[in-house]
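Colleague: Just so it is clear, I am handing over run.cif, which has mmCIF, C-alpha atoms.
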data_run
#
loop_
_atom_site.label_atom_id
_atom_site.label_comp_id
_atom_site.auth_asym_id
_atom_site.auth_seq_id
_atom_site.Cartn_x
_atom_site.Cartn_y
_atom_site.Cartn_z
CA MET A 1172 79.36 82.11 121.26
CA THR A 1173 79.17 81.82 125.02
CA GLU A 1174 79.21 85.12 126.85
CA PRO A 1175 82.32 85.66 129.02
CA ALA A 1176 81.82 84.76 132.65
CA THR A 1177 81.78 87.78 134.91
CA ILE A 1178 81.95 87.46 138.69
CA LEU A 1179 80.39 89.99 141.04
CA ALA A 1180 82.88 90.49 143.85
CA ASP A 1181 82.03 91.51 147.40
CA THR A 1182 80.38 94.89 147.71
CA PRO A 1183 82.47 97.53 149.48
CA PRO A 1184 80.59 99.62 152.07
CA GLY A 1185 78.46 102.16 150.24
CA GLY A 1186 79.72 100.98 146.86
CA ASP A 1187 78.53 99.00 143.85
CA LYS A 1188 79.34 95.45 142.94
CA VAL A 1189 82.74 95.10 141.28
CA ARG A 1190 82.73 93.16 138.00
CA THR A 1191 85.67 90.75 137.86
CA SER A 1192 86.76 88.47 135.04
CA LEU A 1193 87.17 84.71 135.32
CA VAL A 1194 90.38 82.90 134.34
CA GLU A 1195 90.35 79.15 133.60
CA VAL A 1196 93.62 77.21 133.92
CA VAL A 1197 93.68 73.85 132.16
CA VAL A 1198 96.12 71.13 133.27
CA PRO A 1199 96.29 68.34 130.65
CA VAL A 1200 97.37 65.00 132.15
CA TYR A 1201 98.08 61.46 131.02
CA ASN A 1202 98.91 58.77 133.59
CA GLU A 1203 99.95 61.27 136.27
CA GLU A 1204 98.40 59.58 139.32
CA HIS A 1205 101.54 60.07 141.41
CA THR A 1206 102.05 63.80 140.77
CA LEU A 1207 98.59 65.18 139.97
CA GLU A 1208 97.35 65.80 143.51
CA ARG A 1209 100.55 67.50 144.65
CA CYS A 1210 100.68 69.78 141.62
CA VAL A 1211 97.00 70.76 141.70
CA ARG A 1212 97.14 71.55 145.42
CA ARG A 1213 100.26 73.65 144.90
CA LEU A 1214 98.68 75.53 142.01
CA HIS A 1215 95.42 76.10 143.92
CA ALA A 1216 97.27 77.31 147.02
CA TYR A 1217 99.33 79.76 145.00
CA LEU A 1218 96.35 81.20 143.11
CA ALA A 1219 94.22 81.42 146.24
CA GLU A 1220 96.91 83.39 148.03
CA THR A 1221 98.24 85.68 145.31
CA PHE A 1222 95.95 85.79 142.23
CA PRO A 1223 93.61 88.82 142.31
CA TYR A 1224 90.96 87.37 139.95
CA PRO A 1225 88.47 84.52 140.23
CA TYR A 1226 89.91 81.34 138.74
CA ARG A 1227 89.03 77.79 137.88
CA ILE A 1228 91.47 74.88 137.55
CA THR A 1229 90.35 72.20 135.09
CA VAL A 1230 92.16 68.87 135.02
CA ALA A 1231 91.83 67.41 131.50
CA ASP A 1232 92.48 63.68 131.62
CA ASN A 1233 93.78 62.46 128.24
CA ALA A 1234 92.49 58.88 128.35
CA SER A 1235 94.73 57.84 131.25
CA THR A 1236 95.01 54.13 131.94
CA ASP A 1237 96.00 54.44 135.61
CA SER A 1238 94.19 56.09 138.56
CA THR A 1239 94.59 59.66 137.26
CA TRP A 1240 90.86 60.12 136.69
CA ARG A 1241 90.03 58.95 140.20
CA VAL A 1242 92.52 61.44 141.66
CA ALA A 1243 91.14 64.24 139.47
CA THR A 1244 87.51 63.64 140.47
CA ALA A 1245 88.48 63.47 144.15
CA LEU A 1246 90.20 66.84 143.89
CA ALA A 1247 87.16 68.30 142.09
CA GLU A 1248 84.84 67.10 144.86
CA GLU A 1249 87.06 68.56 147.57
CA ILE A 1250 88.11 71.92 146.10
CA PRO A 1251 85.35 74.22 144.73
CA GLN A 1252 87.72 75.89 142.21
CA VAL A 1253 88.75 72.55 140.65
CA THR A 1254 86.86 70.68 137.93
CA ALA A 1255 87.75 67.54 135.96
CA VAL A 1256 87.11 66.56 132.34
CA HIS A 1257 87.76 63.09 130.88
CA LEU A 1258 88.62 62.40 127.23
CA ASP A 1259 88.49 58.97 125.61
CA LEU A 1260 91.35 59.82 123.22
CA LYS A 1261 94.90 60.99 123.89
CA GLY A 1262 96.33 64.30 122.74
CA ARG A 1263 97.19 67.49 124.59
CA GLY A 1264 95.79 69.58 121.75
CA ARG A 1265 92.57 67.59 121.80
CA ALA A 1266 92.18 68.23 125.53
CA LEU A 1267 92.79 71.95 125.19
CA ARG A 1268 90.46 72.16 122.20
CA GLN A 1269 87.58 70.62 124.17
CA VAL A 1270 88.03 72.54 127.42
CA TRP A 1271 88.86 75.89 125.83
CA GLY A 1272 86.06 75.48 123.30
CA ASP A 1273 83.50 74.87 126.07
CA SER A 1274 84.84 77.50 128.48
CA ASP A 1275 82.73 80.40 129.75
CA ALA A 1276 85.78 82.20 131.19
CA ASP A 1277 87.15 85.49 129.86
CA VAL A 1278 90.69 84.13 129.66
CA VAL A 1279 91.80 80.52 129.22
CA ALA A 1280 95.28 79.25 130.00
CA TYR A 1281 97.16 76.01 130.37
CA MET A 1282 100.27 74.78 132.12
CA ASP A 1283 102.05 71.45 132.33
CA VAL A 1284 101.22 69.29 135.33
CA ASP A 1285 104.86 69.22 136.46
CA LEU A 1286 104.69 73.01 137.02
CA SER A 1287 108.18 73.36 135.53
CA THR A 1288 107.40 77.03 134.92
CA GLY A 1289 107.56 79.33 137.94
CA LEU A 1290 104.05 80.37 138.95
CA GLU A 1291 105.21 83.94 139.62
CA ALA A 1292 104.92 84.52 135.86
CA PHE A 1293 101.21 83.64 135.72
CA LEU A 1294 99.79 87.06 136.57
CA PRO A 1295 102.12 88.84 134.07
CA LEU A 1296 100.99 86.22 131.53
CA VAL A 1297 97.25 86.89 131.80
CA ALA A 1298 97.25 90.61 132.74
CA PRO A 1299 97.52 91.97 129.16
CA LEU A 1300 94.73 89.59 128.12
CA LEU A 1301 92.38 90.74 130.84
CA SER A 1302 93.05 94.37 129.92
CA GLY A 1303 92.34 93.64 126.24
CA HIS A 1304 95.78 94.80 125.13
CA SER A 1305 96.90 91.40 123.77
CA ASP A 1306 95.16 88.39 122.25
CA LEU A 1307 97.49 85.55 123.26
CA ALA A 1308 100.31 85.29 125.79
CA ILE A 1309 103.14 82.80 126.07
CA GLY A 1310 105.92 82.07 128.51
CA SER A 1311 109.32 82.12 126.83
CA ARG A 1312 112.31 80.16 128.07
CA LEU A 1313 114.41 81.87 125.39
CA HIS A 1314 113.66 85.40 126.59
CA ARG A 1315 116.75 87.23 127.82
CA GLY A 1316 115.10 87.68 131.22
CA SER A 1317 114.35 83.96 131.71
CA ALA A 1318 116.18 81.66 134.10
CA VAL A 1319 116.24 78.10 132.71
CA VAL A 1320 117.71 74.87 134.08
CA ARG A 1321 117.74 71.97 131.60
CA GLY A 1322 120.10 69.56 129.88
CA PRO A 1323 122.06 70.39 126.72
CA LYS A 1324 120.04 67.95 124.58
CA ARG A 1325 116.70 69.62 125.30
CA GLU A 1326 118.30 73.06 125.04
CA PHE A 1327 119.69 72.27 121.58
CA ILE A 1328 116.41 70.78 120.30
CA SER A 1329 114.33 73.70 121.60
CA ARG A 1330 116.58 76.38 120.14
CA THR A 1331 116.87 74.55 116.81
CA TYR A 1332 113.10 74.12 116.53
CA ASN A 1333 112.35 77.76 117.29
CA LEU A 1334 115.10 78.86 114.88
CA LEU A 1335 113.47 76.74 112.16
CA LEU A 1336 110.13 78.39 112.86
CA ARG A 1337 111.64 81.86 112.45
CA ALA A 1338 113.66 80.93 109.36
CA THR A 1339 111.00 78.97 107.46
CA MET A 1340 107.68 80.28 108.82
CA ALA A 1341 108.74 83.90 109.57
CA ALA A 1342 107.57 83.43 113.18
CA LYS A 1343 108.12 86.41 115.46
CA PHE A 1344 107.50 84.64 118.81
CA SER A 1345 110.56 83.16 120.50
CA ASP A 1346 109.34 79.95 122.20
CA ALA A 1347 106.56 77.86 120.71
CA GLN A 1348 106.76 74.85 123.04
CA CYS A 1349 106.80 76.23 126.56
CA GLY A 1350 103.85 74.68 128.43
CA PHE A 1351 102.68 78.01 129.77
CA LYS A 1352 100.21 79.82 127.52
CA ALA A 1353 96.98 81.82 127.70
CA GLY A 1354 94.54 83.60 125.45
CA ARG A 1355 91.38 85.66 125.42
CA THR A 1356 88.62 83.08 125.17
CA SER A 1357 86.79 84.81 122.32
CA VAL A 1358 90.00 84.89 120.28
CA VAL A 1359 90.98 81.32 121.13
CA LYS A 1360 87.59 79.96 120.06
CA GLN A 1361 87.95 81.80 116.78
CA LEU A 1362 91.35 80.21 116.18
CA LEU A 1363 90.32 76.69 117.22
CA SER A 1364 88.13 76.29 114.15
CA GLU A 1365 91.22 76.59 111.93
CA VAL A 1366 93.75 74.58 113.99
CA GLU A 1367 94.03 70.99 112.75
CA ASP A 1368 96.56 69.36 115.09
CA ASN A 1369 95.40 67.62 118.26
CA ALA A 1370 98.76 66.69 119.76
CA TRP A 1371 102.04 68.48 120.54
CA PHE A 1372 102.06 70.72 117.45
CA PHE A 1373 98.76 72.26 118.57
CA ASP A 1374 100.54 75.14 120.37
CA THR A 1375 102.75 76.03 117.42
CA GLU A 1376 99.91 75.91 114.92
CA LEU A 1377 97.75 78.12 117.14
CA LEU A 1378 100.54 80.71 117.42
CA LEU A 1379 101.37 80.66 113.70
CA LEU A 1380 97.69 81.10 112.85
CA ALA A 1381 97.30 83.96 115.32
CA GLU A 1382 100.40 85.72 114.02
CA ARG A 1383 99.35 85.30 110.40
CA SER A 1384 95.96 86.78 111.30
CA GLY A 1385 97.56 89.91 112.74
CA MET A 1386 96.86 89.15 116.40
CA ARG A 1387 98.98 90.39 119.29
CA ILE A 1388 101.12 87.78 121.09
CA HIS A 1389 102.57 88.86 124.43
CA GLU A 1390 105.70 87.13 125.78
CA VAL A 1391 106.85 86.93 129.38
CA PRO A 1392 110.19 85.65 130.68
CA VAL A 1393 109.88 82.62 132.94
CA ASP A 1394 111.84 80.65 135.50
CA TRP A 1395 111.86 77.09 134.24
CA VAL A 1396 113.35 73.86 135.63
CA ASP A 1397 113.44 70.74 133.47
CA ASP A 1398 111.35 67.81 134.73
CA PRO A 1399 113.52 64.65 134.65
CA ASP A 1400 110.34 62.51 134.68
CA SER A 1401 108.90 64.06 131.52
CA ARG A 1402 106.83 61.63 129.41
CA VAL A 1403 107.54 63.45 126.13
CA ASP A 1404 109.06 61.34 123.33
CA ILE A 1405 111.49 63.94 122.00
CA VAL A 1406 112.28 62.29 118.65
CA ARG A 1407 108.67 61.47 117.80
CA THR A 1408 107.53 64.93 118.86
CA ALA A 1409 110.22 66.59 116.72
CA LEU A 1410 109.17 64.58 113.64
CA ASP A 1411 105.50 65.40 114.23
CA ASP A 1412 106.40 69.08 114.57
CA LEU A 1413 108.32 69.05 111.27
CA ARG A 1414 105.35 67.44 109.52
CA GLY A 1415 103.06 70.02 111.08
CA MET A 1416 105.29 72.86 109.87
CA ALA A 1417 105.19 71.48 106.32
CA ARG A 1418 101.39 71.21 106.44
CA VAL A 1419 100.94 74.76 107.75
CA ALA A 1420 103.37 76.08 105.11
CA ARG A 1421 101.40 74.40 102.32
CA ARG A 1422 98.16 75.77 103.69
CA SER A 1423 99.59 79.29 103.97
CA LEU A 1424 100.90 79.21 100.39
CA SER A 1425 97.43 78.19 99.19
CA GLY A 1426 95.93 81.23 100.94
CA GLY A 1427 94.25 79.42 103.85
CA GLY A 1428 94.84 79.39 107.57
CA ALA A 1429 93.92 82.86 108.80
CA VAL A 1430 91.04 84.42 110.73
CA GLN A 1431 89.74 87.94 111.19
CA PRO A 1432 91.65 89.74 113.97
CA PRO A 1433 89.53 91.24 116.77
CA GLU A 1434 88.43 94.84 116.56
CA ARG A 1435 89.99 97.26 119.04
CA PRO A 1436 87.74 100.32 119.18
CA GLY A 1437 89.54 103.53 120.01
CA GLN A 1438 92.96 102.02 119.37
CA ASP A 1439 93.72 103.29 115.88
CA ARG A 1440 97.08 102.10 114.75
CA LEU A 1441 99.49 104.84 113.75
CA PRO A 1442 100.88 104.29 110.25
CA PRO A 1443 104.63 103.94 109.80
CA GLY A 1444 106.45 107.26 109.25
CA LEU A 1445 107.29 108.59 105.81
CA GLY A 1446 110.99 107.79 106.22
CA TRP A 1447 110.31 104.14 106.94
CA GLN A 1448 107.71 103.96 104.17
CA LEU A 1449 110.16 105.32 101.59
CA ALA A 1450 112.91 102.92 102.67
CA SER A 1451 110.60 99.91 102.69
CA PHE A 1452 108.99 100.90 99.41
CA ALA A 1453 112.45 101.21 97.82
CA VAL A 1454 113.42 97.70 98.96
CA VAL A 1455 110.16 96.18 97.76
CA GLY A 1456 110.46 98.12 94.49
CA THR A 1457 114.01 96.88 93.92
CA VAL A 1458 113.00 93.26 94.45
CA SER A 1459 109.95 93.73 92.21
CA THR A 1460 112.06 95.31 89.47
CA LEU A 1461 114.59 92.48 89.52
CA ALA A 1462 111.77 89.93 89.36
CA TYR A 1463 110.19 91.89 86.51
CA VAL A 1464 113.46 91.99 84.54
CA LEU A 1465 114.02 88.25 84.93
CA LEU A 1466 110.45 87.40 83.97
CA TYR A 1467 110.50 89.76 81.00
CA LEU A 1468 113.79 88.44 79.64
CA GLY A 1469 112.59 84.86 79.99
CA LEU A 1470 109.22 85.51 78.36
CA ARG A 1471 110.69 87.68 75.62
CA GLN A 1472 112.37 84.61 74.15
CA LEU A 1473 108.93 83.09 73.60
CA VAL A 1474 106.38 85.87 73.05
CA PRO A 1475 106.22 89.44 71.67
CA ALA A 1476 107.42 92.38 73.79
CA LEU A 1477 103.94 93.69 74.68
CA LEU A 1478 102.73 90.30 75.93
CA ALA A 1479 105.95 89.62 77.86
CA ASN A 1480 105.65 93.05 79.48
CA PHE A 1481 102.00 92.47 80.42
CA VAL A 1482 102.61 89.10 82.10
CA ALA A 1483 105.77 90.17 83.94
CA LEU A 1484 104.14 93.39 85.12
CA ALA A 1485 100.95 91.63 86.28
CA VAL A 1486 102.82 89.00 88.31
CA THR A 1487 105.14 91.47 90.03
CA ALA A 1488 102.31 93.94 90.67
CA VAL A 1489 100.48 91.40 92.86
CA PHE A 1490 103.65 90.73 94.86
CA ASN A 1491 104.42 94.45 95.08
CA THR A 1492 101.01 95.36 96.50
CA ALA A 1493 101.04 92.49 99.01
CA ALA A 1494 104.59 93.27 100.20
CA ASN A 1495 103.94 97.01 100.53
CA ARG A 1496 100.69 96.30 102.35
CA ARG A 1497 102.52 94.22 104.97
CA PHE A 1498 105.91 95.90 105.30
CA THR A 1499 105.58 99.48 104.05
CA PHE A 1500 102.18 100.39 105.43
CA GLY A 1501 101.96 97.87 108.30
CA VAL A 1502 98.61 96.28 107.37
CA THR A 1503 98.22 92.67 108.57
CA GLY A 1504 95.43 90.11 108.48
CA ARG A 1505 93.12 89.12 105.64
CA ARG A 1506 90.66 91.97 106.04
CA ASP A 1507 90.38 94.04 102.81
CA ALA A 1508 93.34 92.17 101.27
CA LEU A 1509 91.45 91.52 98.03
CA LYS A 1510 90.18 95.10 97.91
CA HIS A 1511 93.73 96.40 98.31
CA GLN A 1512 94.88 94.22 95.42
CA VAL A 1513 92.07 95.54 93.21
CA GLU A 1514 92.83 99.14 94.12
CA GLY A 1515 96.55 98.51 93.65
CA GLY A 1516 95.63 97.26 90.20
CA ILE A 1517 95.14 100.89 89.18
CA ALA A 1518 98.88 101.36 89.60
CA PHE A 1519 99.36 98.26 87.45
CA VAL A 1520 97.21 99.77 84.70
CA ILE A 1521 99.17 103.02 84.84
CA GLY A 1522 102.44 101.10 84.65
CA LEU A 1523 101.11 99.01 81.78
CA VAL A 1524 100.09 102.10 79.80
CA LEU A 1525 103.45 103.79 80.38
CA SER A 1526 105.52 100.72 79.56
CA SER A 1527 103.44 99.76 76.53
CA GLY A 1528 103.73 103.35 75.30
CA ALA A 1529 107.50 103.16 75.76
CA ILE A 1530 107.66 100.00 73.64
CA ALA A 1531 105.49 101.60 70.94
CA LEU A 1532 107.61 104.78 70.84
CA LEU A 1533 110.82 102.76 70.69
CA GLY A 1534 109.43 100.67 67.85
CA ALA A 1535 108.47 103.80 65.91
CA ALA A 1536 111.76 105.62 66.54
CA ALA A 1537 114.14 102.66 66.19
CA PRO A 1538 112.50 99.62 64.58
CA ALA A 1539 115.76 97.64 64.70
CA ALA A 1540 116.33 98.13 68.45
CA GLY A 1541 117.32 94.99 70.32
CA HIS A 1542 116.00 93.46 73.52
CA SER A 1543 118.44 95.44 75.67
CA ALA A 1544 117.09 98.74 74.31
CA GLU A 1545 113.54 97.51 74.95
CA LEU A 1546 114.43 96.62 78.51
CA ALA A 1547 116.06 99.99 79.17
CA ALA A 1548 112.94 101.80 77.93
CA LEU A 1549 110.72 99.59 80.06
CA VAL A 1550 112.77 100.13 83.21
CA ALA A 1551 112.60 103.90 82.68
CA ALA A 1552 108.83 103.76 82.18
CA ASN A 1553 108.38 101.54 85.24
CA ALA A 1554 110.48 103.93 87.34
CA LEU A 1555 107.98 106.68 86.56
CA ALA A 1556 105.11 104.28 87.30
CA THR A 1557 106.74 103.44 90.64
CA LEU A 1558 106.53 107.06 91.78
CA VAL A 1559 102.85 107.10 90.84
CA ARG A 1560 102.35 103.79 92.70
CA PHE A 1561 103.84 105.13 95.94
CA VAL A 1562 101.66 108.25 95.92
CA LEU A 1563 98.57 106.18 95.08
CA LEU A 1564 99.20 103.61 97.84
CA ARG A 1565 100.06 106.18 100.51
CA VAL A 1566 97.41 108.77 99.77
CA TRP A 1567 94.53 106.49 98.85
CA VAL A 1568 94.79 102.68 99.17
CA PHE A 1569 96.43 102.53 102.64
CA ASN A 1570 95.43 105.93 103.94
CA PRO A 1571 94.57 105.37 107.65
CA ARG A 1572 91.80 108.00 107.61
CA ARG A 1573 90.11 106.17 104.76
CA ALA A 1574 90.46 102.85 106.63
CA ARG A 1575 88.75 104.33 109.73
CA ARG A 1576 85.87 105.63 107.65
#
Turn this file's structure into structure tokens for me.

Modeller:
Amino acid sequence: MTEPATILADTPPGGDKVRTSLVEVVVPVYNEEHTLERCVRRLHAYLAETFPYPYRITVADNASTDSTWRVATALAEEIPQVTAVHLDLKGRGRALRQVWGDSDADVVAYMDVDLSTGLEAFLPLVAPLLSGHSDLAIGSRLHRGSAVVRGPKREFISRTYNLLLRATMAAKFSDAQCGFKAGRTSVVKQLLSEVEDNAWFFDTELLLLAERSGMRIHEVPVDWVDDPDSRVDIVRTALDDLRGMARVARRSLSGGGAVQPPERPGQDRLPPGLGWQLASFAVVGTVSTLAYVLLYLGLRQLVPALLANFVALAVTAVFNTAANRRFTFGVTGRRDALKHQVEGGIAFVIGLVLSSGAIALLGAAAPAAGHSAELAALVAANALATLVRFVLLRVWVFNPRRARR
């Protein structure tokens, strides 16, 4: 992996060189010969006047068929902070993948060539990335502090799409499509290897992957004015996005599509408090018990009580450990997920012993007992096993001191 670029700023009198990080801003373009020069000059002038870090503006030409490439190279020859990259194939995601993947900057960003997003939000966008606090940052037009001017059609489509992401993909970020994003280069390069899309869904897939991997996504409110000359085919883009969502969902269900989140030395995460843990554990336990009861009753029509109990308990134990890991104890990402399941299996064994013993005792005491009596005995035994499970998970499996060691 390329080492981050570090600039040595001017030396103050009697002082040492100041190490300053480099930020690369990518502007993907396709057939923008009429607007490219004006937008790049405006962006360069703003950054030169107000941005406190070294920067580079890279124009990524997505196989334009007009004079866009000629304009881009002319700007690169004239302005030292501007470079140009040409791609033979179209696709905003493809352009970002190439430039971000080859970047030696500490932070990479991109913005649409129309500069619909107010540039005043750029420093708040990249600041938490330069400090190391966050991994990715996005501008959000749906943030309560944003000021947005656009037509009702685009407003409806944007809100509907982001609502679908939250409802079907459990996304926490509020605006996946705003053309105003940035990320720590080391993190972005790690994510690029898992992102498949090369077009408009690239942004959404990158964010979903980052969130699923337990990375921090910072949001900033933006001032945004709709560009009436936008080249985006709304219907085609919406259909491509829906297909992308289905593909990512299938991949997530199969266990793929996640990377190891970056280490943050000295930033130990405080575990959720006991009150929250008890409440969350109770909710997860209730759902697990209902699932267990349904599975047991269904299986009991086909197999003996001990086998039905074993299968139902095994299936719900996996769900219970995964849900408590994420919601009760606040552990995200794939790291140690398998180990946690194995260690949580001890609680499964304890529950299996208690429930199997309950069935055996019931059979000895009341051989003619029906399925309802069996179920009552099993629920009582599993209630006792649940108490043991909570103590085991809190004190041992997800103990933060043990995780640090």

Colleague: Looking at A:Gly1322, A:Pro1225, A:Gly1303, A:Gly1272, which one is nearest to Val1253 of chain A, with distances taken over only C-alpha atoms?

Modeller: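 Looking only at the distances to Val1253 of chain A, the closest residue turns out to be A:Pro1225.
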
Colleague: Using all atoms listed in the file, can you tell me which of A:Ala1494, A:Val1211, A:Ala1219, A:Leu1286 comes closest to Ser1459 of chain A?

Modeller: A:Ala1494

Colleague: Counting only C-alpha atoms, what is within 6 Å of Val1196 of chain A, bar same-chain residues fewer than 5 positions away, as a PyMOL selection string?

Modeller: chain A and resi 1228+1280-1281

Colleague: With all atoms listed in the file as the basis for distance, which of A:Ala1540, A:Val1568, A:Ala1370, A:Leu1532 is at the shortest distance from Ile1517 of chain A?

Modeller: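 Checking each candidate against Ile1517 of chain A, we get A:Val1568 as the closest.
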
Colleague: Pick the closest to Glu1204 of chain A from A:Val1464, A:Val1430, A:Val1242, A:Ala1548: which is it, counting only C-alpha atoms?

Modeller: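 Looking at the shortest contact to Glu1204 of chain A, the residue is A:Val1242.
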
Colleague: For segment 1255-1269 of chain A, list every protein, DNA or RNA residue within 10 Å, evaluated using only C-alpha atoms, and leave out those in the same chain fewer than 3 positions away; present the list as a PyMOL selection string.

Modeller: chain A and resi 1197-1201+1228-1235+1239-1248+1272-1274+1279-1281+1283+1359-1360+1363-1364+1366-1374+1377

Colleague: Emit the selected residues as a PDB file, in the coordinates of the input, including C-alpha atoms.

Modeller:
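The result, written out as selection_21.pdb:
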ATOM      1  CA  VAL A1197      93.680  73.850 132.160  1.00  0.00           C
ATOM      2  CA  VAL A1198      96.120  71.130 133.270  1.00  0.00           C
ATOM      3  CA  PRO A1199      96.290  68.340 130.650  1.00  0.00           C
ATOM      4  CA  VAL A1200      97.370  65.000 132.150  1.00  0.00           C
ATOM      5  CA  TYR A1201      98.080  61.460 131.020  1.00  0.00           C
ATOM      6  CA  ILE A1228      91.470  74.880 137.550  1.00  0.00           C
ATOM      7  CA  THR A1229      90.350  72.200 135.090  1.00  0.00           C
ATOM      8  CA  VAL A1230      92.160  68.870 135.020  1.00  0.00           C
ATOM      9  CA  ALA A1231      91.830  67.410 131.500  1.00  0.00           C
ATOM     10  CA  ASP A1232      92.480  63.680 131.620  1.00  0.00           C
ATOM     11  CA  ASN A1233      93.780  62.460 128.240  1.00  0.00           C
ATOM     12  CA  ALA A1234      92.490  58.880 128.350  1.00  0.00           C
ATOM     13  CA  SER A1235      94.730  57.840 131.250  1.00  0.00           C
ATOM     14  CA  THR A1239      94.590  59.660 137.260  1.00  0.00           C
ATOM     15  CA  TRP A1240      90.860  60.120 136.690  1.00  0.00           C
ATOM     16  CA  ARG A1241      90.030  58.950 140.200  1.00  0.00           C
ATOM     17  CA  VAL A1242      92.520  61.440 141.660  1.00  0.00           C
ATOM     18  CA  ALA A1243      91.140  64.240 139.470  1.00  0.00           C
ATOM     19  CA  THR A1244      87.510  63.640 140.470  1.00  0.00           C
ATOM     20  CA  ALA A1245      88.480  63.470 144.150  1.00  0.00           C
ATOM     21  CA  LEU A1246      90.200  66.840 143.890  1.00  0.00           C
ATOM     22  CA  ALA A1247      87.160  68.300 142.090  1.00  0.00           C
ATOM     23  CA  GLU A1248      84.840  67.100 144.860  1.00  0.00           C
ATOM     24  CA  GLY A1272      86.060  75.480 123.300  1.00  0.00           C
ATOM     25  CA  ASP A1273      83.500  74.870 126.070  1.00  0.00           C
ATOM     26  CA  SER A1274      84.840  77.500 128.480  1.00  0.00           C
ATOM     27  CA  VAL A1279      91.800  80.520 129.220  1.00  0.00           C
ATOM     28  CA  ALA A1280      95.280  79.250 130.000  1.00  0.00           C
ATOM     29  CA  TYR A1281      97.160  76.010 130.370  1.00  0.00           C
ATOM     30  CA  ASP A1283     102.050  71.450 132.330  1.00  0.00           C
ATOM     31  CA  VAL A1359      90.980  81.320 121.130  1.00  0.00           C
ATOM     32  CA  LYS A1360      87.590  79.960 120.060  1.00  0.00           C
ATOM     33  CA  LEU A1363      90.320  76.690 117.220  1.00  0.00           C
ATOM     34  CA  SER A1364      88.130  76.290 114.150  1.00  0.00           C
ATOM     35  CA  VAL A1366      93.750  74.580 113.990  1.00  0.00           C
ATOM     36  CA  GLU A1367      94.030  70.990 112.750  1.00  0.00           C
ATOM     37  CA  ASP A1368      96.560  69.360 115.090  1.00  0.00           C
ATOM     38  CA  ASN A1369      95.400  67.620 118.260  1.00  0.00           C
ATOM     39  CA  ALA A1370      98.760  66.690 119.760  1.00  0.00           C
ATOM     40  CA  TRP A1371     102.040  68.480 120.540  1.00  0.00           C
ATOM     41  CA  PHE A1372     102.060  70.720 117.450  1.00  0.00           C
ATOM     42  CA  PHE A1373      98.760  72.260 118.570  1.00  0.00           C
ATOM     43  CA  ASP A1374     100.540  75.140 120.370  1.00  0.00           C
ATOM     44  CA  LEU A1377      97.750  78.120 117.140  1.00  0.00           C
TER      45      LEU A1377
END
